[in-house]
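Below: one structure, written as structure tokens.
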Amino acid sequence: LVSYLTEQKVVKVQGVLRTFVDETPKVNGIRKITAPDFCTFQLQMDKGLLVTATLNNHLPGPCFNQEICVCSKRGYLVVRGGDLHGKLHKPNVSKISEDEGKRPHDKEEVIYVDVEDLSCASSVVPKPYIKGLCKMISALKEAFLPVKEQMDWVKEPVRAAATFEDGQRVQATMEALRQSNEDGCWTSVQLLTEPPDPNPALSAAVRRTAISLQ
């Protein structure tokens with residue numbers, strides 16, 4: 001999402017992973033939950049942008065929430081659900097109000113309110129995710145419509161969809177986060193340029209044998 005909004009790529013990460021709840025009414029006894037249920041991390045992008053994110057599985061309510069805030073010297077924008085809010089930093093904010101003897105209160109402005117009704121609404125999944133899913137299915141349907149009375153597909157409707165490279169970069173970022181959690185320091189995001197060795201010990205033994213034969 002950050003790469004889509006900013007057209008920047010992740011180069012370094014630093015994160016902390018924790019599993020606070022290792023038992024539930026359905027998973028207990030000799031079995032333990034080892035999957036992380038809390039993660040906080042920082043991302044350093046290739047053009048200087050810094051991102052701070054927190055994923056928390058312990059918030060109340062049946063529906064998970066997502067809030068995105070973009071800050072700059074001029075102000076900030078924040079997305080809550082499907083609504084966009086924001087505020088500009090005015091030059092006269094630091095001046096003292098003569099009438100009240102205090103700083104004037106700058107209210108957050110509502111820039112966009114999502115009032116679109118969806119036929120596939122859900123009480124569990126937030127509205128932006130439902131809208132994205134519906135648009136993706138519609139784009140796939142349009143892409144695979146018959147082209148000139150032949151069964152074919154066109155790329156234009158799904159041009160904005162994530163690519164294999166996007167998925168590979170997400171996986172590389174997640175792997176770097178796990179490594180950062182173990183090492184406790186910033187970790188570079190490295191993309192694989194060739195398939196990983198399924199048996200590194202055997203490969204090392206083969207290389208040693210080849211060297212000894214020479």
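Chain labels A, B, ... are given in the sequence in which chains occur in the structure tokens; within each chain residues are numbered consecutively from 1, and ligands are likewise numbered from 1 in the order shown.
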
- [ ] Please identify all polymer residues within 10 Å of range 45-56 of chain A, counting only C-alpha atoms, omitting same-chain residues fewer than 5 positions from it, and present them as a PyMOL selection string.
- [x] chain A and resi 2-3+6-17+36-40+64-70

TODO: Please provide as JSON, numbers by chain all residues within 8 Å of Asp22 in chain A, with the sequence filter that same-chain residues fewer than 6 positions apart are discarded (counting only C-alpha atoms).
DONE: {"A": [32, 33, 34]}

Same residues, N, CA and C atoms, output as a short mmCIF file (atom, residue, chain, number, x, y, z; two decimals), in the first residue's frame:
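Generated file (part_5.cif):
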data_model
loop_
_atom_site.label_atom_id
_atom_site.label_comp_id
_atom_site.auth_asym_id
_atom_site.auth_seq_id
_atom_site.Cartn_x
_atom_site.Cartn_y
_atom_site.Cartn_z
N LYS A 32 0.59 -25.00 21.62
CA LYS A 32 0.81 -23.59 21.87
C LYS A 32 0.76 -22.81 20.55
N ILE A 33 0.26 -21.59 20.63
CA ILE A 33 0.25 -20.71 19.46
C ILE A 33 1.60 -20.01 19.37
N THR A 34 2.24 -20.12 18.25
CA THR A 34 3.55 -19.49 18.05
C THR A 34 3.50 -18.35 17.03
#

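Considering the residues A:Ala139, A:Leu191, A:Ile130, A:Val154 and counting only C-alpha atoms, Ala172 in chain A has its shortest atom-to-atom contact with A:Leu191.
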
- [ ] For Pro128 in chain A, work out the shell of residues within 9 Å, counting only C-alpha atoms and skipping chain neighbours fewer than 5 positions away, then give it as a ChimeraX atom specification.
- [x] /A:81-82,133

Okay, now the selection with C-alpha atoms, as a CSV table (one decimal), in the first residue's frame?
chain,number,residue,atom,x,y,z
A,81,GLY,CA,-12.2,3.6,7.1
A,82,GLY,CA,-13.3,5.1,3.8
A,133,LEU,CA,-12.4,-6.9,-3.7

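When CA of Glu116 in chain A is paired with CA of Asp83 in chain A, their separation reads 11.1 Å.
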